[in-house]
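Shown here: my_file-v7.tsv, TSV, C-alpha atoms and all ligand atoms.
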chain	number	residue	atom	x	y	z
A	22	MET	CA	-12.75	5.74	-20.72
A	23	LYS	CA	-15.08	7.89	-22.80
A	24	SER	CA	-15.13	10.40	-19.97
A	25	LEU	CA	-11.33	10.86	-20.15
A	26	ARG	CA	-9.75	13.63	-22.20
A	27	SER	CA	-7.92	11.17	-24.49
A	28	ASP	CA	-8.39	8.82	-27.42
A	29	LEU	CA	-8.16	5.80	-25.17
A	30	ALA	CA	-11.79	4.69	-25.62
A	31	THR	CA	-11.52	4.77	-29.43
A	32	THR	CA	-8.24	2.85	-29.36
A	33	VAL	CA	-9.40	0.20	-26.93
A	34	SER	CA	-12.81	-0.36	-28.53
A	35	ALA	CA	-11.05	-1.48	-31.75
A	36	LEU	CA	-9.01	-4.14	-29.93
A	37	PRO	CA	-10.19	-7.72	-29.36
A	38	PRO	CA	-9.88	-8.99	-25.78
A	39	LEU	CA	-6.93	-11.40	-25.44
A	40	PRO	CA	-7.69	-14.25	-23.02
A	41	ASP	CA	-10.95	-15.32	-21.43
A	42	ILE	CA	-11.92	-13.37	-18.35
A	43	HIS	CA	-11.19	-15.17	-15.07
A	44	ARG	CA	-12.75	-14.25	-11.78
A	45	TYR	CA	-10.56	-13.81	-8.68
A	46	ALA	CA	-12.50	-13.56	-5.43
A	47	ARG	CA	-9.86	-13.76	-2.68
A	48	THR	CA	-9.65	-10.07	-1.86
A	49	ALA	CA	-8.98	-10.25	1.90
A	50	ASN	CA	-5.93	-8.50	3.36
A	51	HIS	CA	-3.78	-10.71	5.62
A	52	ARG	CA	-0.79	-9.71	7.72
A	53	ARG	CA	1.08	-12.19	9.85
A	54	HIS	CA	3.05	-10.76	12.77
A	55	TYR	CA	5.95	-13.17	12.64
A	56	HIS	CA	8.25	-10.48	14.02
A	57	ARG	CA	6.41	-10.71	17.34
A	58	LEU	CA	7.27	-14.37	17.85
A	59	ARG	CA	9.73	-14.83	20.72
A	60	HIS	CA	11.37	-17.83	19.19
A	61	TRP	CA	11.81	-17.54	15.46
A	62	PRO	CA	13.65	-20.52	13.92
A	63	PRO	CA	17.19	-19.51	12.89
A	64	GLY	CA	17.80	-19.65	9.15
A	65	LEU	CA	14.12	-19.31	8.25
A	66	ILE	CA	12.83	-16.26	6.33
A	67	ALA	CA	9.20	-15.42	5.61
A	68	ILE	CA	8.78	-12.89	2.80
A	69	GLY	CA	6.26	-11.52	0.31
A	70	ASP	CA	2.70	-12.80	0.38
A	71	ALA	CA	3.74	-15.35	3.02
A	72	VAL	CA	3.81	-12.40	5.44
A	73	CYS	CA	1.51	-9.74	4.03
A	74	VAL	CA	-1.14	-10.20	1.35
A	75	PHE	CA	-3.04	-7.20	0.04
A	76	ASN	CA	-6.36	-6.98	-1.70
A	77	PRO	CA	-5.16	-7.13	-5.35
A	78	VAL	CA	-7.29	-4.10	-6.19
A	79	TYR	CA	-4.60	-1.92	-4.55
A	80	ALA	CA	-1.84	-3.38	-6.75
A	81	GLN	CA	0.81	-3.24	-4.03
A	82	GLY	CA	1.91	-6.86	-3.55
A	83	MET	CA	4.69	-7.09	-6.15
A	84	THR	CA	6.14	-3.70	-5.20
A	85	VAL	CA	6.16	-4.57	-1.51
A	86	ALA	CA	7.67	-8.01	-2.23
A	87	ALA	CA	10.39	-6.33	-4.33
A	88	LEU	CA	11.14	-3.80	-1.55
A	89	GLU	CA	11.39	-6.68	0.91
A	90	ALA	CA	13.82	-8.49	-1.40
A	91	LEU	CA	15.95	-5.33	-1.57
A	92	ALA	CA	15.89	-5.04	2.22
A	93	LEU	CA	17.01	-8.67	2.46
A	94	ARG	CA	19.84	-8.02	0.03
A	95	ASN	CA	20.98	-4.96	1.99
A	96	LEU	CA	20.98	-6.84	5.27
A	97	LEU	CA	23.00	-9.66	3.73
A	98	ARG	CA	25.37	-7.21	2.10
A	99	HIS	CA	26.12	-5.47	5.38
A	100	ARG	CA	26.68	-8.83	7.01
A	101	HIS	CA	24.27	-8.26	9.89
A	102	ARG	CA	24.48	-11.91	10.71
A	103	ARG	CA	23.59	-11.76	14.43
A	104	ASN	CA	19.87	-12.47	14.91
A	105	PHE	CA	19.72	-11.98	11.19
A	106	THR	CA	16.37	-13.64	10.49
A	107	THR	CA	14.63	-11.93	13.43
A	108	ARG	CA	16.05	-8.56	12.34
A	109	PHE	CA	14.76	-9.13	8.86
A	110	GLN	CA	11.24	-10.00	10.09
A	111	HIS	CA	11.23	-6.74	12.13
A	112	HIS	CA	12.49	-4.74	9.18
A	113	GLN	CA	9.79	-6.24	7.03
A	114	ALA	CA	7.09	-5.40	9.58
A	115	ARG	CA	8.12	-1.71	9.36
A	116	LEU	CA	8.20	-1.88	5.57
A	117	THR	CA	4.69	-3.31	5.26
A	118	ALA	CA	3.11	-0.99	7.86
A	119	TRP	CA	2.14	1.86	5.56
A	120	PRO	CA	0.96	-0.18	2.53
A	121	TRP	CA	-1.05	-2.27	5.00
A	122	LEU	CA	-2.70	0.84	6.40
A	123	LEU	CA	-3.50	2.15	2.92
A	124	ALA	CA	-5.14	-1.12	1.88
A	125	THR	CA	-7.04	-1.76	5.07
A	126	ILE	CA	-8.32	1.81	5.46
A	127	GLY	CA	-9.68	1.59	1.93
A	128	ASP	CA	-11.42	-1.68	2.71
A	129	THR	CA	-13.01	-0.51	5.96
A	130	GLY	CA	-15.48	1.29	3.70
A	131	TRP	CA	-17.05	-2.16	3.18
A	132	HIS	CA	-17.43	-2.89	6.90
A	133	THR	CA	-20.91	-2.69	8.33
A	134	GLU	CA	-19.81	-1.96	11.91
A	135	GLN	CA	-18.63	1.50	13.01
A	136	PRO	CA	-14.82	1.81	12.62
A	137	ALA	CA	-12.56	3.24	15.36
A	138	ILE	CA	-12.22	7.04	15.56
A	139	THR	CA	-8.63	6.91	14.23
A	140	THR	CA	-9.79	4.91	11.20
A	141	ARG	CA	-12.65	7.34	10.60
A	142	LEU	CA	-10.25	10.28	10.76
A	143	ALA	CA	-7.89	8.60	8.31
A	144	GLN	CA	-10.83	7.77	6.01
A	145	TRP	CA	-12.03	11.37	6.16
A	146	TYR	CA	-8.57	12.70	5.31
A	147	LEU	CA	-8.07	10.29	2.42
A	148	ASN	CA	-11.57	10.96	1.08
A	149	ARG	CA	-10.87	14.69	1.09
A	150	TRP	CA	-7.69	13.96	-0.83
A	151	ARG	CA	-9.62	12.00	-3.42
A	152	HIS	CA	-12.08	14.88	-3.87
A	153	HIS	CA	-9.23	17.30	-4.57
A	154	ILE	CA	-7.16	15.07	-6.85
A	155	PRO	CA	-9.10	15.69	-10.11
A	156	HIS	CA	-8.70	19.47	-9.63
A	157	ASP	CA	-5.11	19.62	-8.41
A	158	PRO	CA	-2.27	18.11	-10.52
A	159	THR	CA	0.25	18.38	-7.66
A	160	MET	CA	-2.03	16.45	-5.33
A	161	PHE	CA	-2.60	13.85	-8.05
A	162	ARG	CA	1.15	13.46	-8.58
A	163	HIS	CA	1.93	13.16	-4.90
A	164	PHE	CA	-0.87	10.67	-4.30
A	165	ALA	CA	0.36	8.56	-7.24
A	166	GLN	CA	3.89	8.70	-5.78
A	167	LEU	CA	2.54	7.41	-2.51
A	168	THR	CA	0.41	4.60	-3.93
A	169	ASN	CA	3.31	3.53	-6.15
A	170	MET	CA	5.56	3.60	-3.09
A	171	LEU	CA	7.94	6.18	-4.49
A	172	SER	CA	7.32	8.42	-1.46
A	173	GLY	CA	6.49	7.85	2.18
A	174	PRO	CA	3.22	8.87	3.89
A	175	THR	CA	4.59	12.26	5.02
A	176	ILE	CA	3.94	13.52	1.49
A	177	LEU	CA	0.21	13.58	2.36
A	178	PHE	CA	0.80	16.02	5.20
A	179	ARG	CA	2.80	18.74	3.48
A	180	PRO	CA	1.64	22.20	4.64
A	181	ARG	CA	0.30	23.00	1.16
A	182	HIS	CA	-1.90	19.90	1.11
A	183	LEU	CA	-3.01	20.28	4.72
A	184	ALA	CA	-4.07	23.86	4.02
A	185	ARG	CA	-5.97	22.85	0.91
A	186	ILE	CA	-7.78	20.03	2.66
A	187	LEU	CA	-8.58	21.86	5.86
A	188	LEU	CA	-9.35	25.31	4.43
A	189	THR	CA	-11.24	24.54	1.23
A	190	GLY	CA	-14.36	22.50	0.62
A	191	PRO	CA	-14.21	19.09	-1.01
A	192	GLY	CA	-13.39	19.30	-4.69
A	193	SER	CA	-13.20	23.08	-4.92
A	194	ASP	CA	-10.44	24.49	-7.13
B	201	LIG	C1	-5.42	-11.09	-9.28
B	201	LIG	C2	-4.17	-10.45	-8.70
B	201	LIG	C3	-3.75	-9.23	-9.20
B	201	LIG	C4	-2.60	-8.62	-8.68
B	201	LIG	N1	-2.21	-7.42	-9.19
B	201	LIG	C5	-1.08	-6.85	-8.71
B	201	LIG	C6	-0.62	-5.60	-9.27
B	201	LIG	O1	-1.20	-5.04	-10.20
B	201	LIG	N2	0.51	-5.05	-8.74
B	201	LIG	C7	1.20	-5.64	-7.72
B	201	LIG	O2	2.22	-5.10	-7.28
B	201	LIG	N3	0.78	-6.82	-7.17
B	201	LIG	C8	-0.34	-7.43	-7.65
B	201	LIG	N4	-0.75	-8.63	-7.11
B	201	LIG	C9	-0.03	-9.21	-5.96
B	201	LIG	C10	1.24	-9.96	-6.39
B	201	LIG	O3	0.96	-10.87	-7.43
B	201	LIG	C11	1.80	-10.71	-5.18
B	201	LIG	O4	1.79	-9.86	-4.04
B	201	LIG	C12	3.21	-11.17	-5.45
B	201	LIG	O5	3.23	-12.03	-6.56
B	201	LIG	C13	3.76	-11.89	-4.21
B	201	LIG	O6	5.01	-12.47	-4.52
B	201	LIG	P1	5.48	-13.74	-3.73
B	201	LIG	O7	6.82	-14.09	-4.30
B	201	LIG	O8	5.39	-13.52	-2.26
B	201	LIG	O9	4.42	-14.89	-4.05
B	201	LIG	P2	4.06	-15.56	-5.44
B	201	LIG	O10	4.27	-14.64	-6.58
B	201	LIG	O11	2.70	-16.18	-5.23
B	201	LIG	O12	5.16	-16.70	-5.57
B	201	LIG	C14	5.12	-17.87	-4.78
B	201	LIG	C15	5.66	-19.00	-5.61
B	201	LIG	O13	5.84	-20.15	-4.78
B	201	LIG	C16	5.39	-21.29	-5.49
B	201	LIG	N5	5.02	-22.29	-4.49
B	201	LIG	C17	3.92	-22.33	-3.71
B	201	LIG	N6	3.94	-23.41	-2.92
B	201	LIG	C18	5.09	-24.07	-3.20
B	201	LIG	C19	5.68	-25.25	-2.70
B	201	LIG	N7	5.09	-25.96	-1.75
B	201	LIG	N8	6.86	-25.62	-3.21
B	201	LIG	C20	7.49	-24.90	-4.18
B	201	LIG	N9	6.97	-23.74	-4.68
B	201	LIG	C21	5.78	-23.36	-4.19
B	201	LIG	C22	4.21	-20.78	-6.31
B	201	LIG	O14	3.99	-21.62	-7.42
B	201	LIG	C23	4.72	-19.41	-6.76
B	201	LIG	O15	5.46	-19.46	-7.95
B	201	LIG	C24	-1.88	-9.25	-7.62
B	201	LIG	C25	-2.33	-10.50	-7.12
B	201	LIG	C26	-3.45	-11.08	-7.65
B	201	LIG	C27	-3.89	-12.42	-7.10
Using the file provided, produce a representation of the structure as structure tokens.
Amino acid sequence: MKSLRSDLATTVSALPPLPDIHRYARTANHRRHYHRLRHWPPGLIAIGDAVCVFNPVYAQGMTVAALEALALRNLLRHRHRRNFTTRFQHHQARLTAWPWLLATIGDTGWHTEQPAITTRLAQWYLNRWRHHIPHDPTMFRHFAQLTNMLSGPTILFRPRHLARILLTGPGSD
């Protein structure tokens, strides 16, 4: 906090910590492909962490669960009753795809084995983004929009950002 250009460190250092610190060690990402089941029981819905759990460090779980709840509401509102539960599980699979990729690509950095070429490419691209973010307010804003799920992944591939990442060195202004 001291390294930030703000008074945050001074403010926080004067505050007593509230509760005791508790350790949480279940950081694994889990995604269950219920939508691929041929026979899904009618009337049953799986939603939220029951389908897709993210490493809490990425802070996505509540947002994704809320988006899933909205999708459920919309489906109910439009009275798509035929194969309703199966349709919802498919919809949810699409909804979780990108947050899942973001979380799991980040965590492949901890793997000891060599990741697939597509994963390495994605890691390279995201790492270049992270190098540029401190120097480029637009890139910071767009990355924050993506991680807060206010924008889709296409925001990372706008021509301006592609040019910056491919034509300039990491972290150069
Ligand atoms: C340490 C930590 C930090 C996190 N930080 C963030 C964050 O910053 N931002 C973010 O978006 N997400 C965060 N998450 C993820 C987020 O909390 C979850 O993704 C979200 O709460 C999932 O909602 P849910 O309704 O699916 O499950 P839950 O919130 O777990 O709700 C399930 C409920 O079902 C109840 N239940 C369980 N079994 C039964 C049973 N047999 N009968 C009746 N009730 C039952 C449970 O008591 C619970 O109330 C964090 C998670 C953890 C663990």
Checklist entry - What does the distance between atom CA of A:Ile42 and atom CA of A:Leu29 come to in Å, to one decimal place? => result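 Calculated distance between atom CA of A:Ile42 and atom CA of A:Leu29 is 20.7 Å.
Counting from atom C24 of ligand LIG 201 (chain B), the distance to atom CA of A:Val85 is 11.1 Å.
The contact shell of ligand LIG 201 (chain B), defined as all polymer residues within 9 Å when all atoms listed in the file are used, comprises A:Arg44, A:Tyr45, A:Ala46, A:Arg47, A:Thr48, A:Ala67, A:Ile68, A:Gly69, A:Asp70, A:Ala71, A:Val72, A:Cys73, A:Val74, A:Phe75, A:Asn76, A:Pro77, A:Val78, A:Tyr79, A:Ala80, A:Gln81, A:Gly82, A:Met83, A:Thr84, A:Val85, A:Ala86, A:Ala87, A:Asn169.
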Checklist outcome for this item: Students should find that atom CA of A:Gln113 and atom CA of A:Leu171 are spaced 17.0 Å
Checklist entry - Which one of A:His152, A:Tyr55, A:Arg141, A:Pro120 sits closest to A:Thr107 if you count all atoms listed in the file? => result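 Closest candidate: A:Tyr55.
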Item to check | Test item: residues at most 7 Å from A:Leu93, all atoms listed in the file, excluding those fewer than 4 positions along its chain, as a PyMOL selection string | outcome: chain A and resi 89+97+109
Six-sided padding of 6 Å per side, axis-aligned box over stretch 172-187 of chain A, centre and edges in Å, one decimal, as JSON:
{"center_x": -0.6, "center_y": 15.9, "center_z": 2.2, "size_x": 27.9, "size_y": 28.0, "size_z": 19.3}
Checklist entry - Hey, which of A:His51, A:Leu88, A:Arg103, A:Leu123 ends up closest to A:Gly64? Count all atoms listed in the file. => result A:Arg103
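Take the candidates A:Ile176, A:Leu36, A:Leu91, A:Leu96 and check each one against A:Arg162 using only C-alpha atoms; the shortest distance goes to A:Ile176.
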Checklist entry - Which of these, A:Ala49, A:Ile186, A:Ala92, A:Leu58, has the shortest distance to A:Trp131 once you count all atoms listed in the file? => result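 Ranking A:Ala49, A:Ile186, A:Ala92, A:Leu58 by distance to A:Trp131, first place goes to A:Ala49.
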Checklist entry - For A:Ala124, which of A:Arg59, A:Arg52, A:His163, A:His111 is the closest residue, counting all atoms listed in the file? => result A:Arg52
Item to check | Proximity to A:Gln144 - best of A:Leu122, A:Leu116, A:Met170, A:Met160, all atoms listed in the file | outcome: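 Selected residue with least distance to A:Gln144: A:Leu122.
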